[in-house]
>>> print(open('start-v1.txt').read())   # compact mmCIF, C-alpha atoms
# COMPACT_ATOMS: atom_id res chain seq x y z
CA MET A 1 -34.68 63.58 -44.32
CA LYS A 2 -35.21 66.14 -41.59
CA VAL A 3 -32.85 64.97 -38.85
CA LEU A 4 -32.40 66.10 -35.24
CA VAL A 5 -28.87 65.61 -33.87
CA THR A 6 -27.66 65.72 -30.26
CA GLY A 7 -23.97 65.85 -29.40
CA SER A 8 -23.29 67.68 -32.66
CA SER A 9 -20.16 69.39 -31.29
CA GLY A 10 -18.55 66.12 -30.12
CA LEU A 11 -16.02 63.96 -31.95
CA ILE A 12 -18.64 62.01 -33.92
CA GLY A 13 -21.23 64.76 -34.26
CA SER A 14 -18.84 67.34 -35.67
CA ALA A 15 -17.83 64.87 -38.39
CA LEU A 16 -21.36 63.57 -39.01
CA VAL A 17 -23.32 66.80 -39.49
CA PRO A 18 -21.41 68.10 -42.54
CA VAL A 19 -21.68 64.68 -44.20
CA LEU A 20 -25.44 64.52 -43.66
CA ILE A 21 -25.86 68.05 -44.99
CA ARG A 22 -23.83 67.21 -48.11
CA GLY A 23 -26.09 64.18 -48.51
CA GLY A 24 -29.12 66.45 -48.79
CA HIS A 25 -30.50 66.08 -45.26
CA SER A 26 -31.86 69.00 -43.25
CA ILE A 27 -30.15 69.13 -39.84
CA THR A 28 -31.30 70.69 -36.58
CA ARG A 29 -29.03 70.55 -33.55
CA LEU A 30 -30.26 69.92 -30.01
CA VAL A 31 -27.89 72.06 -27.89
CA ARG A 32 -27.27 72.96 -24.26
CA SER A 33 -26.52 76.64 -24.90
CA ASP A 34 -28.96 79.31 -26.05
CA PRO A 35 -29.75 78.71 -29.73
CA ARG A 36 -27.99 81.02 -32.17
CA PRO A 37 -30.49 83.08 -34.19
CA ASP A 38 -28.90 82.19 -37.51
CA GLU A 39 -28.69 78.42 -36.83
CA ALA A 40 -31.21 75.57 -36.76
CA GLU A 41 -30.90 74.78 -33.04
CA ILE A 42 -33.18 73.78 -30.16
CA LYS A 43 -32.15 74.13 -26.51
CA TRP A 44 -32.34 71.27 -24.03
CA ASP A 45 -30.94 70.36 -20.61
CA PRO A 46 -30.06 66.63 -20.72
CA GLU A 47 -28.78 66.45 -17.14
CA ALA A 48 -32.04 67.91 -15.82
CA GLY A 49 -34.06 65.85 -18.28
CA LYS A 50 -35.68 68.93 -19.84
CA VAL A 51 -36.53 69.34 -23.51
CA ASP A 52 -39.19 71.38 -25.31
CA LYS A 53 -41.50 68.66 -26.67
CA GLN A 54 -43.34 71.00 -29.04
CA ARG A 55 -40.12 71.89 -30.88
CA LEU A 56 -39.51 68.20 -31.65
CA GLU A 57 -42.49 67.80 -33.97
CA GLY A 58 -41.83 67.18 -37.63
CA PHE A 59 -38.51 65.31 -37.70
CA ASP A 60 -38.03 62.18 -39.78
CA GLY A 61 -35.10 60.87 -37.75
CA VAL A 62 -33.01 61.51 -34.64
CA VAL A 63 -29.32 60.82 -34.10
CA HIS A 64 -28.55 60.87 -30.37
CA LEU A 65 -24.84 61.16 -29.55
CA ALA A 66 -24.76 63.36 -26.45
CA GLY A 67 -22.81 62.24 -23.38
CA GLU A 68 -20.02 63.24 -21.02
CA ASN A 69 -16.53 62.39 -22.29
CA ILE A 70 -15.41 59.23 -20.48
CA ALA A 71 -11.69 60.11 -20.65
CA GLY A 72 -10.09 61.29 -17.42
CA ARG A 73 -9.83 60.02 -13.86
CA TRP A 74 -13.13 58.60 -12.70
CA THR A 75 -13.99 60.41 -9.51
CA ALA A 76 -17.43 59.85 -8.02
CA GLU A 77 -18.53 63.14 -9.59
CA LYS A 78 -17.12 62.21 -13.01
CA LYS A 79 -18.85 58.82 -12.96
CA ALA A 80 -22.14 60.47 -12.06
CA ARG A 81 -21.79 62.85 -15.02
CA ILE A 82 -20.94 59.95 -17.36
CA ARG A 83 -24.02 58.02 -16.26
CA ASP A 84 -26.50 60.87 -15.93
CA SER A 85 -25.62 62.58 -19.20
CA ARG A 86 -26.41 59.36 -21.02
CA VAL A 87 -29.24 57.79 -19.05
CA ILE A 88 -31.22 60.82 -17.89
CA GLY A 89 -30.77 62.70 -21.15
CA THR A 90 -31.73 59.69 -23.29
CA ARG A 91 -34.77 58.89 -21.17
CA ALA A 92 -36.01 62.48 -21.30
CA LEU A 93 -35.52 62.72 -25.06
CA CYS A 94 -37.22 59.39 -25.74
CA GLU A 95 -40.16 60.14 -23.47
CA ALA A 96 -40.62 63.47 -25.25
CA LEU A 97 -40.49 61.76 -28.64
CA SER A 98 -42.99 59.15 -27.50
CA ARG A 99 -45.54 61.87 -26.70
CA LEU A 100 -45.40 63.55 -30.11
CA GLU A 101 -48.36 63.51 -32.46
CA ASN A 102 -45.98 62.77 -35.34
CA PRO A 103 -42.89 61.06 -33.92
CA PRO A 104 -39.82 60.38 -36.04
CA LYS A 105 -39.66 57.06 -37.83
CA VAL A 106 -36.15 56.24 -36.64
CA MET A 107 -33.76 57.03 -33.78
CA VAL A 108 -30.08 56.12 -33.96
CA CYS A 109 -28.66 56.18 -30.43
CA ALA A 110 -25.03 55.81 -29.43
CA SER A 111 -23.97 53.10 -27.03
CA ALA A 112 -20.56 51.43 -26.65
CA THR A 113 -18.76 48.10 -26.68
CA GLY A 114 -18.26 48.76 -22.97
CA TYR A 115 -21.61 46.93 -22.74
CA TYR A 116 -19.70 43.63 -22.91
CA GLY A 117 -17.17 44.39 -20.17
CA ASP A 118 -13.81 42.59 -19.93
CA ARG A 119 -14.26 39.29 -21.79
CA GLY A 120 -10.79 38.06 -22.77
CA ASP A 121 -10.71 36.44 -26.23
CA GLU A 122 -14.43 35.51 -26.29
CA VAL A 123 -16.03 36.51 -29.61
CA LEU A 124 -18.84 38.94 -28.79
CA ARG A 125 -21.91 39.41 -30.96
CA GLU A 126 -25.02 41.50 -30.44
CA SER A 127 -26.71 38.50 -28.82
CA SER A 128 -23.93 38.10 -26.24
CA PRO A 129 -24.93 38.90 -22.65
CA PRO A 130 -23.68 42.06 -20.98
CA GLY A 131 -20.57 42.08 -18.86
CA SER A 132 -19.94 43.56 -15.44
CA GLY A 133 -18.46 46.80 -14.18
CA PHE A 134 -19.29 50.48 -14.38
CA LEU A 135 -19.24 50.90 -18.18
CA SER A 136 -21.36 47.82 -18.73
CA GLU A 137 -23.92 49.08 -16.23
CA VAL A 138 -24.01 52.50 -17.90
CA CYS A 139 -24.46 50.99 -21.35
CA ARG A 140 -27.29 48.73 -20.18
CA GLU A 141 -29.13 51.66 -18.60
CA TRP A 142 -28.36 53.87 -21.61
CA GLU A 143 -29.90 51.40 -24.04
CA ALA A 144 -32.85 50.70 -21.73
CA ALA A 145 -33.57 54.43 -21.61
CA THR A 146 -34.77 54.23 -25.24
CA THR A 147 -37.66 51.90 -24.30
CA SER A 148 -40.39 54.55 -24.44
CA ALA A 149 -39.41 55.52 -27.98
CA ALA A 150 -39.42 51.90 -29.13
CA GLN A 151 -42.81 51.32 -27.51
CA LYS A 152 -44.16 54.28 -29.49
CA GLY A 153 -43.18 52.46 -32.68
CA ILE A 154 -40.02 54.43 -33.42
CA ARG A 155 -37.37 52.20 -34.99
CA VAL A 156 -34.56 52.49 -32.43
CA VAL A 157 -31.03 51.41 -33.37
CA THR A 158 -28.40 51.39 -30.62
CA LEU A 159 -24.84 51.52 -31.91
CA ARG A 160 -22.35 49.72 -29.67
CA ILE A 161 -19.38 51.75 -30.86
CA GLY A 162 -15.80 50.56 -30.40
CA VAL A 163 -12.55 52.55 -30.16
CA ILE A 164 -12.93 55.28 -32.79
CA LEU A 165 -9.86 56.12 -34.85
CA SER A 166 -9.85 59.76 -35.87
CA SER A 167 -7.15 62.28 -36.68
CA GLU A 168 -9.26 64.95 -34.96
CA GLY A 169 -9.31 63.54 -31.43
CA GLY A 170 -10.09 60.55 -29.26
CA ALA A 171 -7.79 57.65 -28.40
CA LEU A 172 -5.58 57.83 -31.49
CA ALA A 173 -4.84 61.52 -31.05
CA ARG A 174 -3.77 60.92 -27.44
CA MET A 175 -1.41 58.13 -28.53
CA LEU A 176 0.35 60.02 -31.30
CA PHE A 177 2.64 62.27 -29.25
CA PRO A 178 4.52 59.55 -27.33
CA PHE A 179 4.55 57.23 -30.36
CA LYS A 180 6.04 59.93 -32.60
CA LEU A 181 8.79 60.40 -30.01
CA GLY A 182 9.54 56.68 -30.06
CA LEU A 183 8.14 56.29 -26.55
CA GLY A 184 5.16 54.11 -27.44
CA GLY A 185 4.57 50.59 -26.24
CA LYS A 186 1.96 48.02 -25.32
CA ILE A 187 -0.22 48.50 -22.25
CA GLY A 188 -0.11 45.73 -19.68
CA ASN A 189 0.64 42.39 -21.32
CA GLY A 190 -0.79 43.64 -24.63
CA ALA A 191 -3.08 40.61 -25.00
CA GLN A 192 -6.31 42.58 -24.48
CA TYR A 193 -8.44 42.95 -27.61
CA MET A 194 -9.25 46.39 -29.03
CA SER A 195 -12.37 46.54 -31.14
CA TRP A 196 -11.68 49.60 -33.26
CA ILE A 197 -13.39 51.44 -36.12
CA ALA A 198 -12.37 54.30 -38.41
CA MET A 199 -14.40 57.50 -38.11
CA ASP A 200 -15.28 57.34 -41.81
CA ASP A 201 -17.07 54.06 -41.22
CA VAL A 202 -18.86 55.33 -38.10
CA ILE A 203 -20.33 58.21 -40.12
CA ARG A 204 -21.33 55.98 -43.03
CA ILE A 205 -22.95 53.46 -40.68
CA ILE A 206 -25.03 56.14 -38.93
CA ALA A 207 -26.25 57.44 -42.30
CA ARG A 208 -27.06 53.87 -43.33
CA MET A 209 -28.99 53.14 -40.13
CA LEU A 210 -31.25 56.12 -40.78
CA THR A 211 -32.51 54.50 -43.96
CA VAL A 212 -32.22 50.69 -43.56
CA GLU A 213 -35.82 49.69 -42.96
CA GLY A 214 -36.47 46.91 -40.48
CA LEU A 215 -33.14 47.07 -38.67
CA ARG A 216 -33.55 47.86 -34.98
CA GLY A 217 -31.90 47.07 -31.66
CA PRO A 218 -28.16 46.77 -30.96
CA VAL A 219 -25.61 46.98 -33.77
CA ASN A 220 -21.93 46.40 -33.05
CA THR A 221 -20.20 49.35 -34.67
CA VAL A 222 -16.68 47.99 -35.03
CA ALA A 223 -14.38 46.94 -37.87
CA PRO A 224 -14.45 43.23 -38.77
CA HIS A 225 -10.90 42.58 -37.58
CA PRO A 226 -10.27 43.47 -33.92
CA VAL A 227 -6.65 43.41 -32.79
CA THR A 228 -4.80 42.96 -29.53
CA ASN A 229 -3.20 45.97 -27.91
CA LEU A 230 0.20 44.57 -28.88
CA GLU A 231 -0.89 44.25 -32.53
CA PHE A 232 -2.24 47.79 -32.47
CA THR A 233 0.99 49.07 -30.95
CA LYS A 234 3.11 47.39 -33.63
CA ALA A 235 0.86 48.61 -36.45
CA LEU A 236 0.97 52.22 -35.25
CA GLY A 237 4.74 52.00 -34.85
CA ARG A 238 5.11 50.70 -38.43
CA VAL A 239 2.92 53.44 -39.86
CA LEU A 240 4.85 56.14 -38.00
CA GLY A 241 8.24 54.53 -38.67
CA ARG A 242 9.02 54.35 -34.95
CA LEU A 243 10.07 51.62 -32.56
CA THR A 244 7.68 50.81 -29.70
CA PRO A 245 10.05 49.68 -26.93
CA PHE A 246 8.41 51.23 -23.87
CA PRO A 247 5.57 49.11 -22.46
CA VAL A 248 3.27 50.60 -19.86
CA PRO A 249 2.90 48.09 -16.99
CA ALA A 250 -0.62 47.51 -15.76
CA PHE A 251 0.22 48.93 -12.33
CA ALA A 252 1.50 52.15 -13.93
CA ALA A 253 -1.68 52.53 -15.99
CA ARG A 254 -3.77 52.05 -12.85
CA LEU A 255 -1.61 54.53 -10.95
CA ALA A 256 -2.06 57.14 -13.68
CA PHE A 257 -5.72 56.61 -14.54
CA GLY A 258 -7.30 54.71 -11.65
CA GLU A 259 -10.47 52.75 -12.40
CA MET A 260 -10.56 54.01 -15.98
CA ALA A 261 -7.38 52.04 -16.74
CA ASP A 262 -9.04 48.71 -16.01
CA ALA A 263 -12.21 49.60 -17.91
CA LEU A 264 -10.68 51.19 -21.02
CA LEU A 265 -6.98 50.38 -21.31
CA LEU A 266 -6.65 46.88 -19.85
CA ALA A 267 -10.09 45.38 -20.54
CA SER A 268 -10.48 43.05 -23.52
CA ALA A 269 -13.49 43.06 -25.88
CA ARG A 270 -13.28 41.01 -29.09
CA VAL A 271 -16.41 42.30 -30.78
CA GLU A 272 -17.80 41.09 -34.11
CA PRO A 273 -20.02 43.32 -36.32
CA ARG A 274 -22.44 40.48 -37.06
CA ARG A 275 -25.52 42.57 -37.87
CA LEU A 276 -23.59 44.96 -40.11
CA ALA A 277 -22.31 41.96 -42.03
CA GLU A 278 -25.87 40.69 -42.41
CA THR A 279 -26.91 44.00 -43.98
CA GLY A 280 -24.00 43.79 -46.44
CA TYR A 281 -22.35 46.95 -45.14
CA PRO A 282 -19.07 47.50 -47.08
CA PHE A 283 -16.40 48.71 -44.68
CA ARG A 284 -14.19 51.40 -46.12
CA PHE A 285 -11.44 50.45 -43.68
CA PRO A 286 -11.71 46.80 -42.63
CA GLU A 287 -7.98 46.48 -41.79
CA LEU A 288 -6.18 48.44 -39.08
CA GLU A 289 -2.99 49.40 -40.89
CA GLY A 290 -4.88 50.72 -43.91
CA ALA A 291 -7.05 52.84 -41.62
CA LEU A 292 -4.03 54.23 -39.77
CA ARG A 293 -2.17 55.05 -42.99
CA HIS A 294 -5.20 56.91 -44.34
CA LEU A 295 -5.81 58.86 -41.12
CA LEU A 296 -2.17 59.79 -40.65
CA GLY A 297 -1.42 60.55 -44.29
CA LYS A 298 1.07 57.70 -44.58
CA ALA A 299 -0.48 55.85 -47.52
>>> encode(input="start-v1.txt", output="structure tokens")
Amino acid sequence: MKVLVTGSSGLIGSALVPVLIRGGHSITRLVRSDPRPDEAEIKWDPEAGKVDKQRLEGFDGVVHLAGENIAGRWTAEKKARIRDSRVIGTRALCEALSRLENPPKVMVCASATGYYGDRGDEVLRESSPPGSGFLSEVCREWEAATTSAAQKGIRVVTLRIGVILSSEGGALARMLFPFKLGLGGKIGNGAQYMSWIAMDDVIRIIARMLTVEGLRGPVNTVAPHPVTNLEFTKALGRVLGRLTPFPVPAFAARLAFGEMADALLLASARVEPRRLAETGYPFRFPELEGALRHLLGKA
């Protein structure tokens, strides 16, 4: 397939592109900077909603991953960048695709389990209603921004991605330093559910979604066995051979990270990958400890 990829320099994109190339796909990157003359790149400005429609002709599929990193203290400016980079950029890209003479057959667009908000121990499936709060609002608008592409007949798949486990960055990388020093511990009461997924499975799922005919709409991109924060903490401690005696009280997390603490560290989302199960997707890492041991070389 000839595939256009946005967010190719991000955590997922930088892992995805080499895998797609090895799989025989032809990749073109949609980038913010001036295209390099020796690379297959097209320039766009997602925040301004600008993209060269004519350069988008001829692709079989699109993988849309671009968006401001949500880590960090959520100032008003940061929240605007988080929202606009996803909603405005997605809307502009989809409207451009919808005006093509030969639009792609499929678009795989990132979303997040933040769609569901803080839901305690409720089991959440793709049919579950959205939650409340900033992340839920962003995810709803993000997914809705693909409407013009879907109306054109493009098969749009929105991946509600959970906490990605990767040795190259993201949440796990930020946890490793204190845990290796024996300073790790649960956050808050530790009862909040973490719906996680190994990067290997994220990449394999994206590749699968490009070719699974008939599948469209939201797909929960999480491993089949979510864990509580306390269970995650204990598993990571076991894999690293470290005790985890230093809990982070909820007030301390809020003091350090502000609103982001409630939305990402203390919120609970027990998400089930129902639609992946229906397609028969075989998870490479269905269990947390096995995933951690593989990623950290502790097998």
>>> residues_near_point(input="start-v1.txt", point="(-25.0, 55.0, -21.1)", cutoff="9 Å", atoms="only C-alpha atoms", output="PyMOL selection string")
chain A and resi 67+82-87+90+110-112+115+135-145
>>> atom_distance(input="start-v1.txt", atom1="atom CA of A:Ser166", atom2="atom CA of A:Ile88")
27.9 Å
>>> closest_atom_pairs(input="start-v1.txt", of="stretch 76-184 of chain A", to="stretch 10-30 of chain A", cutoff="9 Å", atoms="all atoms listed in the file", output="tab-separated table")
residue	atom	partner	partner_atom	distance
A:Ile164	CA	A:Ile12	CA	8.9
A:Ser166	CA	A:Leu11	CA	8.4
A:Glu168	CA	A:Leu11	CA	7.5
A:Gly169	CA	A:Leu11	CA	6.7
A:Gly170	CA	A:Leu11	CA	7.4
>>> write_last_selection(input="start-v1.txt", atoms="C-alpha atoms", output="PDB file, keeping the file's coordinate frame")
ATOM      1  CA  ILE A 164     -12.930  55.280 -32.790  1.00  0.00           C
ATOM      2  CA  SER A 166      -9.850  59.760 -35.870  1.00  0.00           C
ATOM      3  CA  GLU A 168      -9.260  64.950 -34.960  1.00  0.00           C
ATOM      4  CA  GLY A 169      -9.310  63.540 -31.430  1.00  0.00           C
ATOM      5  CA  GLY A 170     -10.090  60.550 -29.260  1.00  0.00           C
TER       6      GLY A 170
END
>>> residues_around(input="start-v1.txt", residues="A:Pro245", least_positions_apart="5", cutoff="12 Å", atoms="only C-alpha atoms", output="list of chain:residue names")
A:Pro178, A:Phe179, A:Leu181, A:Gly182, A:Leu183, A:Gly184, A:Gly185, A:Lys186, A:Ile187, A:Leu230, A:Thr233, A:Lys234, A:Gly237
>>> atom_distance(input="start-v1.txt", atom1="atom CA of A:Thr279", atom2="atom CA of A:Ser132")
29.4 Å
>>> atom_distance(input="start-v1.txt", atom1="atom CA of A:Gln192", atom2="atom CA of A:Gly120")
6.6 Å
>>> residues_near_point(input="start-v1.txt", point="(-7.7, 59.3, -39.0)", cutoff="10 Å", atoms="all atoms listed in the file", output="list in words")
Ile164, Leu165, Ser166, Ser167, Glu168, Gly169, Leu172, Ala173, Ala198, Met199, Asp200, Ala291, Leu292, Arg293, His294, Leu295, Leu296 and Gly297 of chain A
>>> residues_around(input="start-v1.txt", residues="stretch 40-42 of chain A", least_positions_apart="6", cutoff="12 Å", atoms="only C-alpha atoms", output="list in words")
Lys2, Val3, Leu4, Val5, Thr6, Gly7, Ser8, Ser26, Ile27, Thr28, Arg29, Leu30, Val31, Arg32, Ser33, Asp34, Lys50, Val51, Asp52, Lys53, Gln54, Arg55, Leu56 and Glu57 of chain A
>>> closest_residue(input="start-v1.txt", among="A:Asn189, A:Leu93, A:Lys78, A:Val62", to="A:Pro46", atoms="all atoms listed in the file")
A:Leu93
